[in-house]
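**Q** Contents of start.cif (mmCIF, C-alpha atoms) are below:
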```
data_structure
loop_
_atom_site.group_PDB
_atom_site.id
_atom_site.type_symbol
_atom_site.label_atom_id
_atom_site.label_comp_id
_atom_site.auth_asym_id
_atom_site.auth_seq_id
_atom_site.Cartn_x
_atom_site.Cartn_y
_atom_site.Cartn_z
ATOM 1 C CA MET A 283 43.251 -62.294 -27.227
ATOM 2 C CA ARG A 284 39.540 -61.690 -27.799
ATOM 3 C CA TRP A 285 38.152 -58.145 -27.723
ATOM 4 C CA ALA A 286 34.531 -57.224 -27.037
ATOM 5 C CA SER A 287 32.869 -54.690 -29.300
ATOM 6 C CA PRO A 288 31.619 -51.403 -27.800
ATOM 7 C CA PHE A 289 28.074 -52.431 -28.746
ATOM 8 C CA ARG A 290 28.337 -55.696 -26.768
ATOM 9 C CA LEU A 291 29.762 -53.878 -23.756
ATOM 10 C CA TYR A 292 26.958 -51.305 -23.882
ATOM 11 C CA LYS A 293 24.329 -54.033 -24.213
ATOM 12 C CA ALA A 294 25.834 -55.794 -21.172
ATOM 13 C CA GLY A 295 25.506 -52.595 -19.140
ATOM 14 C CA ILE A 296 29.254 -52.180 -18.651
ATOM 15 C CA LEU A 297 30.195 -48.853 -17.093
ATOM 16 C CA GLY A 298 33.157 -47.341 -18.935
ATOM 17 C CA MET A 299 35.709 -44.918 -17.583
ATOM 18 C CA ASN A 300 34.424 -41.860 -19.472
ATOM 19 C CA CYS A 301 30.842 -42.483 -18.384
ATOM 20 C CA ARG A 302 31.969 -43.082 -14.801
ATOM 21 C CA ASN A 303 34.014 -39.873 -14.735
ATOM 22 C CA VAL A 304 31.376 -37.623 -16.330
ATOM 23 C CA ASP A 305 27.992 -39.044 -15.321
ATOM 24 C CA PHE A 306 28.790 -40.233 -11.816
ATOM 25 C CA ILE A 307 32.051 -38.976 -10.317
ATOM 26 C CA GLY A 308 31.812 -35.547 -11.948
ATOM 27 C CA ARG A 309 28.088 -35.142 -11.260
ATOM 28 C CA TYR A 310 27.777 -36.580 -7.757
ATOM 29 C CA ASN A 311 31.185 -35.992 -6.129
ATOM 30 C CA LEU A 312 31.870 -32.360 -5.264
ATOM 31 C CA ARG A 313 35.628 -31.761 -5.365
ATOM 32 C CA ARG A 314 35.683 -29.917 -2.042
ATOM 33 C CA PHE A 315 34.925 -33.226 -0.304
ATOM 34 C CA TYR A 316 37.739 -35.191 -2.011
ATOM 35 C CA PRO A 317 40.315 -34.433 0.722
ATOM 36 C CA LEU A 318 38.123 -36.288 3.223
ATOM 37 C CA VAL A 319 38.666 -39.566 1.364
ATOM 38 C CA ASP A 320 42.021 -38.984 -0.366
ATOM 39 C CA ASP A 321 43.598 -38.553 3.073
ATOM 40 C CA LYS A 322 43.276 -41.755 5.150
ATOM 41 C CA LEU A 323 43.907 -39.893 8.398
ATOM 42 C CA LYS A 324 41.058 -37.473 7.712
ATOM 43 C CA THR A 325 38.830 -40.407 6.781
ATOM 44 C CA LYS A 326 39.672 -42.220 10.004
ATOM 45 C CA LEU A 327 39.018 -39.166 12.186
ATOM 46 C CA LEU A 328 35.764 -38.516 10.323
ATOM 47 C CA ALA A 329 34.681 -42.148 10.821
ATOM 48 C CA GLU A 330 35.336 -41.869 14.558
ATOM 49 C CA GLU A 331 33.248 -38.687 14.652
ATOM 50 C CA TYR A 332 30.311 -40.412 12.899
ATOM 51 C CA GLY A 333 30.616 -43.617 14.905
ATOM 52 C CA VAL A 334 31.655 -45.707 11.900
ATOM 53 C CA ALA A 335 33.829 -48.622 13.047
ATOM 54 C CA THR A 336 37.450 -48.390 11.895
ATOM 55 C CA PRO A 337 40.798 -49.905 13.084
ATOM 56 C CA GLY A 338 42.106 -48.118 16.174
ATOM 57 C CA LEU A 339 44.656 -45.350 15.677
ATOM 58 C CA ILE A 340 47.917 -46.004 17.546
ATOM 59 C CA SER A 341 50.030 -43.057 16.444
ATOM 60 C CA VAL A 342 50.552 -40.474 13.703
ATOM 61 C CA VAL A 343 54.012 -39.504 12.450
ATOM 62 C CA ARG A 344 54.059 -36.133 10.701
ATOM 63 C CA THR A 345 57.714 -35.053 10.870
ATOM 64 C CA GLN A 346 61.124 -36.716 10.756
ATOM 65 C CA HIS A 347 61.995 -35.929 14.365
ATOM 66 C CA GLU A 348 58.801 -37.681 15.533
ATOM 67 C CA ILE A 349 60.161 -41.010 14.280
ATOM 68 C CA SER A 350 62.584 -41.184 17.205
ATOM 69 C CA HIS A 351 59.707 -40.522 19.624
ATOM 70 C CA VAL A 352 57.658 -43.430 18.253
ATOM 71 C CA GLU A 353 60.489 -45.988 18.571
ATOM 72 C CA GLU A 354 59.693 -46.905 22.176
ATOM 73 C CA ARG A 355 56.008 -47.346 21.362
ATOM 74 C CA LEU A 356 56.762 -49.660 18.437
ATOM 75 C CA MET A 357 59.015 -51.845 20.585
ATOM 76 C CA GLN A 358 56.028 -52.431 22.885
ATOM 77 C CA LEU A 359 53.742 -53.623 20.090
ATOM 78 C CA LYS A 360 53.401 -57.193 18.831
ATOM 79 C CA ASN A 361 51.494 -56.339 15.677
ATOM 80 C CA PHE A 362 50.413 -53.221 13.801
ATOM 81 C CA ALA A 363 50.079 -51.685 10.355
ATOM 82 C CA ILE A 364 51.787 -48.586 8.929
ATOM 83 C CA LYS A 365 50.095 -46.734 6.067
ATOM 84 C CA PRO A 366 50.817 -43.566 4.112
ATOM 85 C CA SER A 367 47.942 -41.157 4.680
ATOM 86 C CA ARG A 368 47.697 -40.251 0.997
ATOM 87 C CA GLY A 369 48.907 -43.489 -0.578
ATOM 88 C CA SER A 370 47.167 -45.346 -3.378
ATOM 89 C CA GLY A 371 46.957 -48.860 -4.765
ATOM 90 C CA GLY A 372 48.205 -50.438 -1.542
ATOM 91 C CA LYS A 373 51.660 -48.869 -1.928
ATOM 92 C CA GLY A 374 53.629 -48.205 1.222
ATOM 93 C CA ILE A 375 51.516 -50.367 3.531
ATOM 94 C CA LEU A 376 53.698 -52.250 6.006
ATOM 95 C CA VAL A 377 51.987 -55.003 8.005
ATOM 96 C CA ILE A 378 53.666 -56.467 11.087
ATOM 97 C CA ILE A 379 52.040 -59.673 12.359
ATOM 98 C CA GLY A 380 54.403 -60.631 15.170
ATOM 99 C CA ARG A 381 57.776 -60.388 16.911
ATOM 100 C CA ARG A 382 60.841 -62.567 17.326
ATOM 101 C CA ASP A 383 62.923 -60.943 20.054
ATOM 102 C CA ASP A 384 63.873 -57.505 18.678
ATOM 103 C CA LEU A 385 62.841 -58.375 15.124
ATOM 104 C CA PHE A 386 59.485 -57.591 13.526
ATOM 105 C CA VAL A 387 57.760 -60.219 11.368
ATOM 106 C CA LYS A 388 55.965 -59.130 8.179
ATOM 107 C CA SER A 389 52.903 -60.921 6.815
ATOM 108 C CA SER A 390 55.189 -62.705 4.323
ATOM 109 C CA GLY A 391 57.228 -64.131 7.219
ATOM 110 C CA THR A 392 60.229 -61.897 6.491
ATOM 111 C CA GLU A 393 61.959 -60.464 9.551
ATOM 112 C CA ILE A 394 62.931 -56.797 9.663
ATOM 113 C CA THR A 395 64.575 -54.552 12.237
ATOM 114 C CA LEU A 396 63.465 -51.363 13.928
ATOM 115 C CA GLU A 397 65.869 -49.501 11.632
ATOM 116 C CA ASP A 398 64.033 -50.943 8.626
ATOM 117 C CA ILE A 399 60.757 -49.608 9.998
ATOM 118 C CA LYS A 400 62.278 -46.193 10.659
ATOM 119 C CA ARG A 401 63.573 -46.130 7.085
ATOM 120 C CA HIS A 402 60.077 -47.009 5.864
ATOM 121 C CA LEU A 403 58.608 -44.153 7.921
ATOM 122 C CA THR A 404 61.179 -41.749 6.467
ATOM 123 C CA ASN A 405 60.291 -42.821 2.922
ATOM 124 C CA THR A 406 56.605 -42.380 3.712
ATOM 125 C CA LEU A 407 57.112 -38.843 5.010
ATOM 126 C CA ALA A 408 59.175 -38.013 1.917
ATOM 127 C CA GLY A 409 56.202 -38.936 -0.284
ATOM 128 C CA LEU A 410 57.629 -42.084 -1.866
ATOM 129 C CA TYR A 411 54.212 -43.794 -1.720
ATOM 130 C CA SER A 412 51.868 -40.807 -1.904
ATOM 131 C CA LEU A 413 49.796 -39.465 -4.769
ATOM 132 C CA ARG A 414 51.974 -37.276 -7.006
ATOM 133 C CA GLY A 415 54.950 -37.819 -4.677
ATOM 134 C CA ASN A 416 53.972 -35.055 -2.240
ATOM 135 C CA PRO A 417 55.240 -35.135 1.369
ATOM 136 C CA ASP A 418 52.985 -37.348 3.449
ATOM 137 C CA VAL A 419 52.020 -38.467 6.949
ATOM 138 C CA ALA A 420 52.431 -42.005 8.347
ATOM 139 C CA ILE A 421 49.557 -43.655 10.200
ATOM 140 C CA ILE A 422 50.189 -46.475 12.678
ATOM 141 C CA GLU A 423 47.022 -48.418 13.490
ATOM 142 C CA ASP A 424 45.764 -51.651 15.044
ATOM 143 C CA LEU A 425 46.243 -54.745 12.939
ATOM 144 C CA ILE A 426 43.117 -56.431 11.632
ATOM 145 C CA GLU A 427 42.764 -60.054 12.740
ATOM 146 C CA PHE A 428 40.586 -61.416 9.987
ATOM 147 C CA ASP A 429 37.574 -63.583 10.765
ATOM 148 C CA ASP A 430 37.958 -67.396 10.776
ATOM 149 C CA THR A 431 35.485 -67.497 7.887
ATOM 150 C CA PHE A 432 38.316 -66.420 5.577
ATOM 151 C CA GLU A 433 40.833 -68.993 6.798
ATOM 152 C CA GLY A 434 42.683 -70.314 3.745
ATOM 153 C CA TYR A 435 41.010 -67.874 1.375
ATOM 154 C CA SER A 436 43.725 -65.225 1.459
ATOM 155 C CA TYR A 437 47.512 -65.586 1.246
ATOM 156 C CA GLU A 438 49.845 -63.471 3.394
ATOM 157 C CA GLY A 439 47.324 -60.672 3.711
ATOM 158 C CA VAL A 440 43.986 -59.523 5.072
ATOM 159 C CA PRO A 441 41.016 -59.993 2.704
ATOM 160 C CA ASP A 442 38.744 -56.994 2.250
ATOM 161 C CA ILE A 443 35.399 -56.252 0.654
ATOM 162 C CA ARG A 444 34.905 -53.412 -1.833
ATOM 163 C CA ILE A 445 31.322 -52.132 -1.959
ATOM 164 C CA ILE A 446 30.337 -49.465 -4.485
ATOM 165 C CA VAL A 447 27.835 -47.033 -2.953
ATOM 166 C CA PHE A 448 25.771 -44.710 -5.136
ATOM 167 C CA ARG A 449 23.650 -42.017 -3.499
ATOM 168 C CA GLY A 450 23.762 -44.111 -0.316
ATOM 169 C CA TYR A 451 22.684 -47.374 -1.990
ATOM 170 C CA PRO A 452 25.177 -50.288 -2.091
ATOM 171 C CA VAL A 453 25.046 -51.380 -5.742
ATOM 172 C CA MET A 454 27.854 -53.915 -6.267
ATOM 173 C CA ALA A 455 30.393 -55.748 -4.119
ATOM 174 C CA MET A 456 33.419 -57.996 -4.388
ATOM 175 C CA LEU A 457 35.743 -59.811 -2.015
ATOM 176 C CA ARG A 458 39.443 -59.160 -2.659
ATOM 177 C CA LEU A 459 41.885 -61.887 -1.653
ATOM 178 C CA ALA A 460 45.632 -61.428 -1.388
ATOM 179 C CA THR A 461 48.006 -63.758 -3.245
ATOM 180 C CA HIS A 462 51.736 -64.374 -3.406
ATOM 181 C CA THR A 463 51.780 -62.472 -6.690
ATOM 182 C CA SER A 464 50.097 -59.443 -5.097
ATOM 183 C CA ASP A 465 52.660 -59.510 -2.236
ATOM 184 C CA GLY A 466 49.955 -59.995 0.378
ATOM 185 C CA LYS A 467 47.956 -56.948 -0.775
ATOM 186 C CA ALA A 468 44.293 -57.050 -1.806
ATOM 187 C CA ASN A 469 44.926 -55.144 -5.033
ATOM 188 C CA LEU A 470 43.536 -56.698 -8.227
ATOM 189 C CA HIS A 471 46.024 -54.896 -10.491
ATOM 190 C CA GLN A 472 48.886 -56.473 -8.533
ATOM 191 C CA GLY A 473 47.458 -59.989 -8.812
ATOM 192 C CA ALA A 474 44.919 -60.310 -6.005
ATOM 193 C CA VAL A 475 41.812 -62.420 -6.597
ATOM 194 C CA GLY A 476 38.462 -60.684 -7.032
ATOM 195 C CA VAL A 477 35.337 -62.600 -5.995
ATOM 196 C CA GLY A 478 32.004 -61.148 -7.089
ATOM 197 C CA LEU A 479 29.326 -61.109 -4.365
ATOM 198 C CA ASP A 480 25.552 -61.247 -4.640
ATOM 199 C CA ILE A 481 24.442 -57.930 -3.128
ATOM 200 C CA ALA A 482 21.276 -59.587 -1.789
ATOM 201 C CA THR A 483 22.909 -62.477 0.084
ATOM 202 C CA GLY A 484 26.687 -61.986 0.296
ATOM 203 C CA ARG A 485 27.193 -65.266 -1.578
ATOM 204 C CA SER A 486 30.067 -65.553 -4.067
ATOM 205 C CA LEU A 487 29.174 -65.498 -7.767
ATOM 206 C CA LYS A 488 32.472 -65.979 -9.629
ATOM 207 C CA ALA A 489 36.185 -65.350 -9.130
ATOM 208 C CA VAL A 490 38.888 -63.835 -11.339
ATOM 209 C CA GLN A 491 42.602 -63.140 -11.250
ATOM 210 C CA PHE A 492 44.032 -60.734 -13.833
ATOM 211 C CA ALA A 493 40.486 -60.757 -15.326
ATOM 212 C CA ILE A 494 40.704 -64.530 -16.007
ATOM 213 C CA PRO A 495 38.019 -66.733 -14.371
ATOM 214 C CA ILE A 496 39.290 -69.139 -11.705
ATOM 215 C CA GLU A 497 37.620 -71.511 -9.245
ATOM 216 C CA GLN A 498 40.389 -71.998 -6.681
ATOM 217 C CA HIS A 499 42.763 -69.669 -4.867
ATOM 218 C CA PRO A 500 46.084 -69.884 -6.773
ATOM 219 C CA ASP A 501 48.166 -70.296 -3.605
ATOM 220 C CA THR A 502 45.942 -72.135 -1.113
ATOM 221 C CA GLY A 503 43.799 -74.196 -3.490
ATOM 222 C CA LYS A 504 40.682 -73.145 -1.582
ATOM 223 C CA GLN A 505 37.424 -73.319 -3.546
ATOM 224 C CA LEU A 506 36.098 -69.806 -4.180
ATOM 225 C CA ILE A 507 32.568 -70.653 -5.286
ATOM 226 C CA ASP A 508 29.640 -70.844 -2.828
ATOM 227 C CA MET A 509 31.306 -68.712 -0.180
ATOM 228 C CA VAL A 510 28.938 -66.734 2.050
ATOM 229 C CA ILE A 511 30.073 -63.572 3.861
ATOM 230 C CA PRO A 512 28.851 -63.523 7.484
ATOM 231 C CA ASP A 513 26.980 -60.506 8.873
ATOM 232 C CA TRP A 514 26.413 -59.363 5.306
ATOM 233 C CA LYS A 515 23.659 -56.887 6.058
ATOM 234 C CA GLU A 516 25.836 -55.197 8.717
ATOM 235 C CA MET A 517 28.541 -54.684 6.092
ATOM 236 C CA LEU A 518 26.035 -53.129 3.704
ATOM 237 C CA LEU A 519 24.751 -50.849 6.470
ATOM 238 C CA LEU A 520 28.291 -49.688 7.290
ATOM 239 C CA ALA A 521 28.949 -48.968 3.605
ATOM 240 C CA SER A 522 25.643 -47.116 3.204
ATOM 241 C CA ARG A 523 26.329 -44.879 6.223
ATOM 242 C CA CYS A 524 29.518 -43.656 4.546
ATOM 243 C CA TYR A 525 27.309 -41.669 2.143
ATOM 244 C CA GLU A 526 26.218 -39.200 4.825
ATOM 245 C CA MET A 527 29.675 -39.261 6.382
ATOM 246 C CA SER A 528 31.571 -38.345 3.201
ATOM 247 C CA ASN A 529 28.986 -36.211 1.345
ATOM 248 C CA LEU A 530 30.057 -38.044 -1.815
ATOM 249 C CA GLY A 531 27.454 -39.617 -4.080
ATOM 250 C CA TYR A 532 29.657 -42.208 -5.796
ATOM 251 C CA ILE A 533 32.245 -43.962 -3.630
ATOM 252 C CA GLY A 534 34.071 -47.222 -3.097
ATOM 253 C CA THR A 535 34.058 -48.430 0.510
ATOM 254 C CA ASP A 536 36.745 -50.902 1.587
ATOM 255 C CA ILE A 537 35.662 -52.990 4.573
ATOM 256 C CA VAL A 538 37.297 -55.798 6.542
ATOM 257 C CA LEU A 539 35.756 -58.304 8.937
ATOM 258 C CA ASP A 540 37.732 -58.425 12.182
ATOM 259 C CA LYS A 541 37.553 -61.579 14.297
ATOM 260 C CA SER A 542 36.517 -59.783 17.485
ATOM 261 C CA ARG A 543 35.435 -56.285 16.372
ATOM 262 C CA GLY A 544 33.265 -57.135 13.369
ATOM 263 C CA ALA A 545 33.049 -55.040 10.217
ATOM 264 C CA GLN A 546 35.622 -52.223 10.060
ATOM 265 C CA LEU A 547 36.016 -49.459 7.477
ATOM 266 C CA LEU A 548 39.536 -49.392 6.033
ATOM 267 C CA GLU A 549 39.205 -46.496 3.604
ATOM 268 C CA LEU A 550 37.026 -44.706 1.050
ATOM 269 C CA ASN A 551 37.704 -44.051 -2.616
ATOM 270 C CA ALA A 552 36.143 -41.193 -4.591
ATOM 271 C CA ARG A 553 37.278 -42.775 -7.890
ATOM 272 C CA PRO A 554 36.655 -46.515 -7.466
ATOM 273 C CA GLY A 555 37.896 -48.732 -10.272
ATOM 274 C CA LEU A 556 35.780 -50.653 -12.751
ATOM 275 C CA SER A 557 37.189 -54.179 -12.357
ATOM 276 C CA ILE A 558 34.433 -54.992 -9.855
ATOM 277 C CA GLN A 559 32.262 -55.572 -12.955
ATOM 278 C CA VAL A 560 34.633 -58.288 -14.178
ATOM 279 C CA ALA A 561 34.528 -60.018 -10.773
ATOM 280 C CA ASN A 562 30.716 -59.939 -10.810
ATOM 281 C CA GLY A 563 30.296 -60.843 -14.461
ATOM 282 C CA ARG A 564 27.851 -57.995 -15.019
ATOM 283 C CA GLY A 565 27.759 -54.260 -15.639
ATOM 284 C CA LEU A 566 27.177 -51.515 -13.112
ATOM 285 C CA LEU A 567 25.285 -49.149 -15.384
ATOM 286 C CA PRO A 568 21.767 -50.651 -15.114
ATOM 287 C CA ARG A 569 21.887 -50.501 -11.322
ATOM 288 C CA LEU A 570 23.223 -46.946 -11.300
ATOM 289 C CA ARG A 571 20.529 -45.781 -13.713
ATOM 290 C CA HIS A 572 17.913 -47.552 -11.603
ATOM 291 C CA ILE A 573 19.008 -45.671 -8.480
ATOM 292 C CA GLU A 574 18.930 -42.418 -10.441
ATOM 293 C CA SER A 575 15.307 -43.129 -11.392
ATOM 294 C CA ILE A 576 14.099 -43.347 -7.776
ATOM 295 C CA ARG A 577 11.941 -40.269 -7.294
ATOM 296 C CA LYS A 578 11.833 -40.386 -3.503
ATOM 297 C CA PRO A 579 15.216 -41.704 -2.252
ATOM 298 C CA HIS A 580 15.142 -43.607 1.016
ATOM 299 C CA LYS A 581 16.361 -41.487 3.909
ATOM 300 C CA THR A 582 18.057 -44.016 6.180
ATOM 301 C CA ALA A 583 20.813 -46.576 5.606
ATOM 302 C CA GLU A 584 18.472 -49.308 6.853
ATOM 303 C CA GLU A 585 15.854 -48.428 4.231
ATOM 304 C CA ARG A 586 18.417 -48.191 1.427
ATOM 305 C CA VAL A 587 19.999 -51.538 2.292
ATOM 306 C CA ASN A 588 16.630 -53.283 2.535
ATOM 307 C CA TYR A 589 15.745 -51.870 -0.873
ATOM 308 C CA VAL A 590 18.876 -53.103 -2.674
ATOM 309 C CA MET A 591 18.700 -56.527 -1.039
ATOM 310 C CA GLN A 592 15.200 -56.873 -2.463
ATOM 311 C CA THR A 593 15.941 -55.300 -5.849
ATOM 312 C CA PHE A 594 19.464 -56.357 -6.840
ATOM 313 C CA SER A 595 20.471 -60.005 -6.907
ATOM 314 C CA ALA A 596 22.344 -62.597 -8.923
ATOM 315 C CA GLN A 597 19.165 -63.255 -10.922
ATOM 316 C CA GLY A 598 17.702 -59.747 -10.889
ATOM 317 C CA LEU A 599 18.858 -56.300 -12.015
#
```
Could the structure of this file be written out as structure tokens, please?
**A**
Amino acid sequence: MRWASPFRLYKAGILGMNCRNVDFIGRYNLRRFYPLVDDKLKTKLLAEEYGVATPGLISVVRTQHEISHVEERLMQLKNFAIKPSRGSGGKGILVIIGRRDDLFVKSSGTEITLEDIKRHLTNTLAGLYSLRGNPDVAIIEDLIEFDDTFEGYSYEGVPDIRIIVFRGYPVMAMLRLATHTSDGKANLHQGAVGVGLDIATGRSLKAVQFAIPIEQHPDTGKQLIDMVIPDWKEMLLLASRCYEMSNLGYIGTDIVLDKSRGAQLLELNARPGLSIQVANGRGLLPRLRHIESIRKPHKTAEERVNYVMQTFSAQGL
């Protein structure tokens, strides 16, 4: 295994964890606003209030006795997703893509019963998937039907796009593709593929799995280079608008492209990870310092997005 020296990492503009925590998260994210993004239900309700597109809310289960009340509703649904409100790393997300009589079909093709779903809801309420194991709330929402553009690019899961937003400016982005190893979840630590995206065009730059460069999806064989994300500017605008919505200066926005509803906000992260730099093959720090140097920040999302599309690119900063 080859290790890079701290000097080489600094010269490459790599943002480290300590610098991220002190200079950006600690300085620009006031802790009183953390609950708005750590709690997916609060984020969803806030997004609806600000007119930011997000998957429709079907039901919320807060107590054990409410599980019996939601049974009839679930039996009427063909597809849906269940998420812990305060979960992390994709844990506890149950995706149902179809039905076979009284059985529910997961994205992996496995069939489960209503009792299995009720057990999952009970575990969610007990805090099995939540941060620090605290009691939680279960969210049932509309299932994303991903755009045909991504056909064959993701395995047993919905692909999403992580965009880092600093002071309202989108500064770096990557496409996350589910794999068999990641169990259908777009989580890089669990084995999902990360595809770096040119912030100016939405075109793919490079792809990695477990930080190792790849050119094809490990399960589908689909070529990952020269992809272009449709409606790219609209995605950047949605991400940029989350700055005013959350009051947080440094955030990760997770966005999906629905086949009929367009770009949808899945969730926000006040402590976004650093692996996006590996997927892009470049460091975040120069872009963050550049945004800090702007004396008169642009006031609207449209202005901020136009600025980064002109300033940041595969060849530029």
**Q** Please report as a tab-separated table every residue of region 496-517 of chain A lying within 12 Å of region 581-584 of chain A, along with the nearest atom pair and their distance in Å (one decimal), using all atoms listed in the file.
**A**
```
residue	atom	partner	partner_atom	distance
A:Lys515	CA	A:Glu584	CA	9.2
A:Glu516	CA	A:Glu584	CA	9.6
A:Met517	CA	A:Ala583	CA	11.2
```
**Q** Could you work out how far CA of Ala474 (chain A) lies from CA of Arg458 (chain A), giving the answer in Å with one decimal?
**A**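 Result for CA of Arg458 (chain A) versus CA of Ala474 (chain A): 6.5 Å, one decimal.
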**Q** Assuming 3 Å of padding per side, give the centre and edge lengths of the axis-aligned box around every listed atom of region 332-346 of chain A, in Å to one decimal and as JSON.
**A**
```
{"center_x": 45.7, "center_y": -42.5, "center_z": 14.1, "size_x": 36.8, "size_y": 20.9, "size_z": 12.8}
```
**Q** Between A:Ile422, A:Ile364, A:Leu548, A:Ile576, which has the minimum distance to Leu376 (chain A) (counting only C-alpha atoms)?
**A**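 For Leu376 (chain A), the nearest of the candidates is A:Ile364.
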**Q** When you count only C-alpha atoms, which of these residues is closest to Gly450 (chain A): A:Val490, A:Leu323, A:Leu470, A:Ile573?
**A**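 That would be A:Ile573, the residue with the smallest distance to Gly450 (chain A).
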**Q** Skip Pro288 (chain A) itself and residues of its chain fewer than 5 positions away, then list as a PyMOL selection string all residues within 12 Å of it, counting all atoms listed in the file.
**A** chain A and resi 293-298
**Q** Listing only residues of region 334-366 of chain A within 10 Å of region 387-398 of chain A, what is the closest atom pair and its distance in Å (to one decimal) for each, using all atoms listed in the file, sorted by chain and residue number ascending, as CSV?
**A**
```
residue,atom,partner,partner_atom,distance
A:Glu353,CA,A:Leu396,CA,7.7
A:Leu356,CA,A:Leu396,CA,8.3
A:Met357,CA,A:Leu396,CA,8.0
A:Lys360,CA,A:Val387,CA,9.2
A:Asn361,CA,A:Val387,CA,8.5
A:Phe362,CA,A:Lys388,CA,9.9
A:Ala363,CA,A:Lys388,CA,9.7
```
**Q** Find the distance between CA of Pro512 (chain A) and CA of Gly544 (chain A) and write it in Å to one decimal.
**A**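 Interatomic distance here is 9.7 Å.
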**Q** Which residues of region 500-549 of chain A sit at most 6 Å from region 430-449 of chain A, using only C-alpha atoms? Give each one's shortest atom pair and distance in Å (one decimal place), in chain and ascending residue order, as JSON lines.
**A**
```
{"residue": "A:Gly531", "atom": "CA", "partner": "A:Arg449", "partner_atom": "CA", "distance": 4.5}
{"residue": "A:Tyr532", "atom": "CA", "partner": "A:Phe448", "partner_atom": "CA", "distance": 4.7}
{"residue": "A:Ile533", "atom": "CA", "partner": "A:Val447", "partner_atom": "CA", "distance": 5.4}
{"residue": "A:Gly534", "atom": "CA", "partner": "A:Ile446", "partner_atom": "CA", "distance": 4.6}
{"residue": "A:Thr535", "atom": "CA", "partner": "A:Ile445", "partner_atom": "CA", "distance": 5.2}
{"residue": "A:Asp536", "atom": "CA", "partner": "A:Arg444", "partner_atom": "CA", "distance": 4.6}
{"residue": "A:Ile537", "atom": "CA", "partner": "A:Ile443", "partner_atom": "CA", "distance": 5.1}
{"residue": "A:Val538", "atom": "CA", "partner": "A:Asp442", "partner_atom": "CA", "distance": 4.7}
```
**Q** For Val453 (chain A), which residue out of A:Ser412, A:Thr336, A:Thr593, A:Thr345 is the nearest one, using all atoms listed in the file?
**A**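 Closest to Val453 (chain A) of all the choices is A:Thr593.
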**Q** Determine the nearest neighbour of Tyr316 (chain A) from the options A:Arg485, A:Lys467, A:Arg368, A:Arg382, counting only C-alpha atoms.
**A** A:Arg368
**Q** In Å, rounded to a single decimal, give me how far CA of Asp320 (chain A) is from CA of Leu550 (chain A).
**A** 7.7 Å
**Q** So, counting all atoms listed in the file, which residue among A:Lys504, A:Asp321, A:Leu328, A:Ile375 is closest to Leu413 (chain A)?
**A** A:Asp321
**Q** Would you write out, as a PyMOL selection string, every residue that the PyMOL selection byres ((chain A and resi 569) around 10) captures in this file?
**A** chain A and resi 295+448+451-454+565-568+570-575+590+593-594+599
**Q** A:Ala545, A:Ile511, A:Ile496, A:Leu312: which is nearest Met456 (chain A), counting only C-alpha atoms?
**A**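 Using only C-alpha atoms, the shortest distance to Met456 (chain A) belongs to A:Ile511.
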**Q** On this structure, the PyMOL selection byres ((chain A and resi 480) around 10) would catch which residues? List them as a VMD selection string, sorted by chain and number.
**A** chain A and resid 453 to 456 477 to 479 481 to 488 510 to 511 562 591 594 to 597
**Q** Please write the residues from the selection above to a file, keeping C-alpha atoms, as a PDB file, keeping the file's coordinate frame.
**A**
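Saved result, again39.pdb, follows:
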```
ATOM      1  CA  VAL A 453      25.046 -51.380  -5.742  1.00  0.00           C
ATOM      2  CA  MET A 454      27.854 -53.915  -6.267  1.00  0.00           C
ATOM      3  CA  ALA A 455      30.393 -55.748  -4.119  1.00  0.00           C
ATOM      4  CA  MET A 456      33.419 -57.996  -4.388  1.00  0.00           C
ATOM      5  CA  VAL A 477      35.337 -62.600  -5.995  1.00  0.00           C
ATOM      6  CA  GLY A 478      32.004 -61.148  -7.089  1.00  0.00           C
ATOM      7  CA  LEU A 479      29.326 -61.109  -4.365  1.00  0.00           C
ATOM      8  CA  ILE A 481      24.442 -57.930  -3.128  1.00  0.00           C
ATOM      9  CA  ALA A 482      21.276 -59.587  -1.789  1.00  0.00           C
ATOM     10  CA  THR A 483      22.909 -62.477   0.084  1.00  0.00           C
ATOM     11  CA  GLY A 484      26.687 -61.986   0.296  1.00  0.00           C
ATOM     12  CA  ARG A 485      27.193 -65.266  -1.578  1.00  0.00           C
ATOM     13  CA  SER A 486      30.067 -65.553  -4.067  1.00  0.00           C
ATOM     14  CA  LEU A 487      29.174 -65.498  -7.767  1.00  0.00           C
ATOM     15  CA  LYS A 488      32.472 -65.979  -9.629  1.00  0.00           C
ATOM     16  CA  VAL A 510      28.938 -66.734   2.050  1.00  0.00           C
ATOM     17  CA  ILE A 511      30.073 -63.572   3.861  1.00  0.00           C
ATOM     18  CA  ASN A 562      30.716 -59.939 -10.810  1.00  0.00           C
ATOM     19  CA  MET A 591      18.700 -56.527  -1.039  1.00  0.00           C
ATOM     20  CA  PHE A 594      19.464 -56.357  -6.840  1.00  0.00           C
ATOM     21  CA  SER A 595      20.471 -60.005  -6.907  1.00  0.00           C
ATOM     22  CA  ALA A 596      22.344 -62.597  -8.923  1.00  0.00           C
ATOM     23  CA  GLN A 597      19.165 -63.255 -10.922  1.00  0.00           C
TER      24      GLN A 597
END
```
**Q** Counting only C-alpha atoms, write as a VMD selection string all protein and nucleic acid residues lying at most 9 Å from (44.5, -40.0, 5.3) in the file's frame.
**A** chain A and resid 317 to 327 365 to 369 419 to 421 549
